[in-house]
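Chemist: Structure in structure tokens, see below.
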Amino acid sequence: MIRVRGLAHRYGEAAVLDLQTWDVAAGERWLVIGPSGSGKTTLLHVLAGLVRPSEGAISVQDTDLRSLAGAQLDRWRGAAVGIVLQALHLVRHLSVRDNLRLAQYLAHLPQDEARVVETLAALGVADKAARRPSELSQGERQRVAIARAVVNRPKLLLADEPTANLDDAAAARAIDLLFGQAERNSATLVVATHDARVKQRFVKKLELGA
Amino acid sequence: MNLASLSASYLRARPLNTALSLLLLALGVATIVLLVLVVSQVEERMTRDARGIDLVVGAKGSPMQLILAGIYHADAPTGNIPLAAAQALSKHRMVKKAIPLALGDSWRGYRIVGAGHEYLVHYGAQPASGRFHDKPMEAVLGAEVAARTGTNVGARFVGAHGIGGEGDEHADAPYTVVGILERTGAVIDRLVLTSIESVWQVHEEHHEPADEEDRKALEADREVTVLLLQYASPLAAAMLPRQINSQSELQAASPAYETARLFRIVGVGVEALRAFAVILILAAGLSVFIALYTALEERRYDLAVMRTLGASPARLFGMLVVEGLVLAGLGALIGLGLGHLLTALLGAWLEAQQQYPVTGLQWRAEELWLVAVALLVGLAAALVPAWRAYRTDVAGTLAQG
């Protein structure tokens, strides 16, 4: 599913990521851990094709990311990768439903209302479809953010610090939701965190050094 | 969900900015629409009213006043000229057609024009009801006069001295309406027509000729106000005006020259208004630019998230451009509607003032250009914000939270 060889990324002189070898099989759930500045977020951005690494080869689902030109890479990301960001970043001016339709639209996929409703229902927020994000609780917003990440049935689901700022129970629920949605959509899951509480939930762990 | 609805949702999210941009653009476009419609319609009508009239001869004075009074019936006449002089000129070999008019009276603000049938024929007037005037004290009404005063054939009225409508009434000499003209779209729609003899009769009423000698003296004193001339050959244009102007009592004025002069004078005001409208449109462009540019700051997370959802930089660029175009297009449409509404209101007011009628129901090709210019302004205003959206640093923005 994911194959990384000789990956290194630098911002100017500063090395922010160094990962020689990493192989992930389809359907696996991985935890990427490491202190701040170890390159967890950068690794997710590289996997999503948002950042082109300074060195190294990455292929996701047998697609060599280096082979995709700018707009192709964007198109591939829209269809193949779902991303849950720490700050969620739902679009304020759009309803919950439209936030999901935005994901379909930007990925050049047909706007499938049934899929939107089904995805929201699977996360228990179908009744919030017409609401604006500001009208939801923090927990509901996170469910909507996960729904937006999986609405296009991505093969790779990425989550950046999904449990930061959550209490223990909420953090456990967030991980449950990600596991459930990864399984339901047959997606490979990669979660980056420095949150020690979620460590024991994962069997596969990638530790990045400072 | 598409680019337009997405852009619209962002425009709705900041209603004040959006309203300001729309207002400025709409006012600018409306001002230009108003100018284009009024100027073109007035020019068209003035050209039509002066068609076939090469020269206006009247008493000495301002040549423009002579044209305004003699052709457009919009100013007081410069005075009268002796009938004998007019008759002599009519027989000039360089004159193909001569139409004498006797002016001076009015009825409810509409001018009473003493003229022969040739004046009606010149404007292609046909009776809608009744007939042309034959005998003295018979009158024919232009279509607008009849419609606005609600007068029918058979009605009697008395004229007032002077053209303002406030003068003494010639109560002892009533006119009888014998015909109402079909609408011609020319100045004749706003005139009351009678024979030249009627005008003379009204003014001679007070001193009945005592004997034959007195009558002859009266007839020798008879005058007309203007003489409308059509040249027999192009050569006449070079010779006739000079020849007439050299006679001490007469003045010749060319409608083409005087109306061109009038448009040049009025044109300064029109140009100033047009410049003002252009400034409004540029201000609207600036307002669109500022609205889009300042909104970028709060939108940078949205833009970054859209990239994570698969949007290419070009698509973010397109989204901002569409926003500028939607604003400009909407503003232009509102402006067009407002411009036509204002023109219609002005037209209604002018009609009530018995001035040139102007309609707001006319569309002109220039208006399409106006929409194109507005869209261009919207596009130009969106380019820099769109470029910044294009350059959104996804990783950098998301790393900030």
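Ligands are numbered from 1 in the order shown, chains are lettered A, B, ... in the order of the structure tokens, and residues start at 1 in each chain.
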Near A:Leu17, counting only C-alpha atoms, which residues have an atom at most 7 Å away, once you skip same-chain residues fewer than 4 positions from it, shown as a ChimeraX atom specification?

Modeler: /A:8-10,38-39

Chemist: Using only C-alpha atoms, I'd like every residue of chain B that has an atom within 7 Å of chain A; please write them out as a VMD selection string.

Modeler: chain B and resid 1 9 to 10 13 301 to 302 305 309 to 312 395 401

Chemist: Restricting it to N, CA and C atoms, dump the selection as a compact mmCIF listing (two decimals), in the first residue's frame.

Modeler:
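After the write, part-v1.txt holds the following:
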# COMPACT_ATOMS: atom_id res chain seq x y z
N MET B 1 -23.24 21.80 -5.68
CA MET B 1 -21.96 22.48 -5.41
C MET B 1 -21.22 22.69 -6.72
N SER B 9 -21.58 31.54 -1.91
CA SER B 9 -21.66 31.35 -0.46
C SER B 9 -20.65 32.24 0.26
N TYR B 10 -19.50 32.47 -0.37
CA TYR B 10 -18.53 33.38 0.25
C TYR B 10 -18.99 34.83 0.15
N ALA B 13 -21.46 35.48 2.75
CA ALA B 13 -20.90 35.46 4.10
C ALA B 13 -20.41 36.84 4.53
N TYR B 301 -7.30 29.17 5.63
CA TYR B 301 -7.45 27.77 6.05
C TYR B 301 -8.39 27.05 5.10
N ASP B 302 -9.48 27.74 4.71
CA ASP B 302 -10.40 27.12 3.75
C ASP B 302 -9.68 26.75 2.47
N VAL B 305 -7.49 23.78 3.09
CA VAL B 305 -8.30 22.56 3.22
C VAL B 305 -8.80 22.10 1.85
N LEU B 309 -8.46 18.53 -0.10
CA LEU B 309 -9.59 17.79 -0.63
C LEU B 309 -9.46 17.55 -2.14
N GLY B 310 -8.34 18.00 -2.72
CA GLY B 310 -8.11 17.67 -4.12
C GLY B 310 -8.17 18.83 -5.08
N ALA B 311 -8.38 20.07 -4.56
CA ALA B 311 -8.44 21.21 -5.47
C ALA B 311 -7.03 21.56 -5.94
N SER B 312 -6.88 21.80 -7.23
CA SER B 312 -5.59 22.24 -7.74
C SER B 312 -5.46 23.74 -7.48
N ALA B 395 1.01 23.22 3.39
CA ALA B 395 1.68 22.66 4.56
C ALA B 395 1.93 23.76 5.59
N GLY B 401 -1.96 25.64 12.49
CA GLY B 401 -3.16 25.33 13.28
C GLY B 401 -4.24 24.92 12.35

Chemist: Atom CA of B:Leu250 to atom CA of B:Val57: how many Å, to one decimal?

Modeler: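 Interatomic distance, atom CA of B:Leu250 to atom CA of B:Val57: 6.7 Å.
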
Chemist: What is the atom CA of A:Ala57-atom CA of A:Trp22 distance in Å, reported with one decimal?

Modeler: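 Spanning atom CA of A:Ala57 to atom CA of A:Trp22 is a straight-line distance of 10.8 Å.
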
Chemist: Grab the atom CA of B:Ser198 to atom CA of B:Asp54 distance for me, in Å with one decimal place.

Modeler: 26.8 Å

Chemist: Which is closest to A:Glu161 among A:Ala25, A:Val96, A:Ile58, A:Leu31, if we use only C-alpha atoms?

Modeler: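 Nearest to A:Glu161: A:Leu31.
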
Chemist: Go through B:Pro255, B:Glu219, B:Ser7, B:Arg48 and flag the residue nearest B:Phe317, using only C-alpha atoms for the distances.

Modeler: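 Checking each of B:Pro255, B:Glu219, B:Ser7, B:Arg48 against B:Phe317, counting only C-alpha atoms, the winner is B:Ser7.
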
Chemist: Can you pull out the residues contacting A:Ala129? Cut-off 10 Å, using only C-alpha atoms, and skip same-chain residues under 3 positions away; I want them as a PDB file with N, CA and C atoms, in the first residue's frame.

Modeler:
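Saved to selection_23.pdb:
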ATOM      1  N   SER A  95     -22.968  24.394   4.979  1.00  0.00           N
ATOM      2  CA  SER A  95     -23.623  23.459   5.886  1.00  0.00           C
ATOM      3  C   SER A  95     -22.795  22.181   5.956  1.00  0.00           C
ATOM      4  N   VAL A  96     -23.125  21.331   6.930  1.00  0.00           N
ATOM      5  CA  VAL A  96     -22.453  20.045   7.080  1.00  0.00           C
ATOM      6  C   VAL A  96     -22.552  19.254   5.766  1.00  0.00           C
ATOM      7  N   ARG A  97     -23.754  19.229   5.213  1.00  0.00           N
ATOM      8  CA  ARG A  97     -23.958  18.503   3.946  1.00  0.00           C
ATOM      9  C   ARG A  97     -23.053  19.057   2.852  1.00  0.00           C
ATOM     10  N   ASP A  98     -23.005  20.405   2.764  1.00  0.00           N
ATOM     11  CA  ASP A  98     -22.205  21.010   1.704  1.00  0.00           C
ATOM     12  C   ASP A  98     -20.710  20.821   1.926  1.00  0.00           C
ATOM     13  N   ASN A  99     -20.279  20.702   3.198  1.00  0.00           N
ATOM     14  CA  ASN A  99     -18.876  20.403   3.448  1.00  0.00           C
ATOM     15  C   ASN A  99     -18.502  19.057   2.829  1.00  0.00           C
ATOM     16  N   LEU A 100     -19.426  18.081   2.907  1.00  0.00           N
ATOM     17  CA  LEU A 100     -19.156  16.762   2.315  1.00  0.00           C
ATOM     18  C   LEU A 100     -19.249  16.819   0.792  1.00  0.00           C
ATOM     19  N   VAL A 116     -23.542  10.975   0.823  1.00  0.00           N
ATOM     20  CA  VAL A 116     -23.368  11.983   1.868  1.00  0.00           C
ATOM     21  C   VAL A 116     -24.201  11.596   3.094  1.00  0.00           C
ATOM     22  N   VAL A 117     -25.467  11.260   2.858  1.00  0.00           N
ATOM     23  CA  VAL A 117     -26.373  10.912   3.959  1.00  0.00           C
ATOM     24  C   VAL A 117     -25.882   9.651   4.668  1.00  0.00           C
ATOM     25  N   LEU A 120     -22.775  10.439   6.794  1.00  0.00           N
ATOM     26  CA  LEU A 120     -23.138  11.158   8.024  1.00  0.00           C
ATOM     27  C   LEU A 120     -23.838  10.228   9.001  1.00  0.00           C
ATOM     28  N   ALA A 121     -24.696   9.330   8.480  1.00  0.00           N
ATOM     29  CA  ALA A 121     -25.420   8.398   9.340  1.00  0.00           C
ATOM     30  C   ALA A 121     -24.452   7.443  10.028  1.00  0.00           C
ATOM     31  N   VAL A 125     -24.263  11.625  12.700  1.00  0.00           N
ATOM     32  CA  VAL A 125     -24.566  13.057  12.624  1.00  0.00           C
ATOM     33  C   VAL A 125     -25.484  13.373  11.439  1.00  0.00           C
ATOM     34  N   ALA A 126     -26.283  12.373  11.012  1.00  0.00           N
ATOM     35  CA  ALA A 126     -27.166  12.586   9.858  1.00  0.00           C
ATOM     36  C   ALA A 126     -28.150  13.716  10.129  1.00  0.00           C
ATOM     37  N   ARG A 132     -24.794  24.555  10.282  1.00  0.00           N
ATOM     38  CA  ARG A 132     -23.459  25.095  10.037  1.00  0.00           C
ATOM     39  C   ARG A 132     -22.525  24.513  11.085  1.00  0.00           C
ATOM     40  N   PRO A 133     -21.229  24.383  10.786  1.00  0.00           N
ATOM     41  CA  PRO A 133     -20.273  23.840  11.766  1.00  0.00           C
ATOM     42  C   PRO A 133     -20.320  24.563  13.104  1.00  0.00           C
ATOM     43  N   VAL A 144     -18.010  15.145  11.796  1.00  0.00           N
ATOM     44  CA  VAL A 144     -18.222  15.688  10.442  1.00  0.00           C
ATOM     45  C   VAL A 144     -16.900  15.732   9.683  1.00  0.00           C
TER      46      VAL A 144
END

Chemist: Just asking: which residues within stretch 80-254 of chain B are strand (DSSP E or B) according to DSSP, as an NGL selection string?

Modeler: :B and (81-82 or 95-107 or 110-114 or 127-130 or 138-141 or 156-157 or 160-161 or 169 or 175-181 or 191-194 or 223-224 or 226-231 or 251-253)

Chemist: Find the residue from A:Ala14, A:Ala192, A:Leu7, A:Val198 that sits nearest to A:Asp167; use only C-alpha atoms when measuring.

Modeler: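 Closest residue, counting only C-alpha atoms: A:Val198.
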
Chemist: Could you check which of B:Leu296, B:Ile53, B:Ala85, B:Val394 is closest to B:Asp221, using only C-alpha atoms?

Modeler: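 Looking only at the distances to B:Asp221, the closest residue turns out to be B:Ala85.
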